[in-house]
Amino acid sequence: MFDWHKAEKRLDKKSVEAKIFNKHKKLIQIRKAHAVFADNITNKWLPLENMAIAGFIRHSVEHDVFCLFNYSNQNQSLPESIFEALGKGPHKFKELWTNSSLEFKNPLGSFTMKPYQFLILST
């Protein structure tokens, strides 16, 4: 049974319910704003050697998106070579969750993800 009293807590900006509700709204906004997240586009799972991280790429006519998720409570490293699916670098991305820019220049290098961090990297 749905708890309407608990649902009303989403209106209190300091509540846990509001924080979760607003983060979900933001994810929905990102999905609606980018055709690459349409239902008719499938995920291509990345073959990552780091078992703490899951990642996939989605291709569309407009752009590609890499989604990476660190499921560990520790920092995790990934090789920059995972972006080779896009061809030779450097690879510049817009991170859609934080609206920041990232660039990966060294295919022999690596980068670190913080505990439980996720990245939505759009070309």
# chains A, B, ... in the order shown; residues from 1 in each chain; ligands from 1
$ select_by_dssp --residues "chain A" --states "strand (DSSP E or B)" --output "number ranges by chain"
A: 44-45, 53-59, 64-70, 76-79, 91-95, 100-104, 110-113, 118-122
$ residues_around --residues "Ser81 of chain A" --least-positions-apart "2" --cutoff "12 Å" --atoms "only C-alpha atoms" --output "list of chain:residue names"
A:Leu46, A:Pro47, A:Leu48, A:Glu49, A:Ser77, A:Leu78, A:Pro79, A:Phe83, A:Glu84, A:Ala85, A:Leu86, A:Gly87, A:Lys88, A:Gly89, A:Pro90, A:His91, A:Phe104, A:Lys105, A:Asn106, A:Pro107, A:Leu108, A:Gly109, A:Ser110, A:Phe111
$ residues_around --residues "Ser60 of chain A" --least-positions-apart "6" --cutoff "10 Å" --atoms "only C-alpha atoms" --output "list in words"
His34, Ala35, Val36, Phe37, Ala38, Ile41 and Thr42 of chain A
$ write_last_selection --atoms "C-alpha atoms" --output "JSON list (two decimals), in the first residue's frame"
[["chain", "number", "residue", "atom", "x", "y", "z"],
["A", 34, "HIS", "CA", 18.80, 12.88, -24.88],
["A", 35, "ALA", "CA", 17.43, 10.66, -27.62],
["A", 36, "VAL", "CA", 20.27, 8.20, -27.00],
["A", 37, "PHE", "CA", 18.26, 6.95, -24.01],
["A", 38, "ALA", "CA", 15.24, 6.02, -26.15],
["A", 41, "ILE", "CA", 18.47, 1.86, -28.50],
["A", 42, "THR", "CA", 20.19, -0.99, -26.75]]
$ closest_residue --among "A:Ile30, A:Val61, A:Met113, A:Leu121" --to "Lys92 of chain A" --atoms "only C-alpha atoms"
A:Leu121
$ select_by_dssp --residues "segment 3-113 of chain A" --states "alpha helix (DSSP H)" --output "ChimeraX atom specification"
/A:4-8,16-33
$ closest_residue --among "A:Arg31, A:Lys13, A:Arg58, A:Lys26" --to "Asn43 of chain A" --atoms "only C-alpha atoms"
A:Arg58
$ closest_residue --among "A:Asn73, A:Phe2, A:Cys67, A:Ile82" --to "Lys94 of chain A" --atoms "only C-alpha atoms"
A:Cys67
$ closest_residue --among "A:Ser15, A:Gln117, A:Ser101, A:Asn22" --to "Ala52 of chain A" --atoms "only C-alpha atoms"
A:Gln117
$ closest_residue --among "A:Tyr116, A:Trp4, A:Phe56, A:Phe21" --to "Tyr71 of chain A" --atoms "only C-alpha atoms"
A:Tyr116
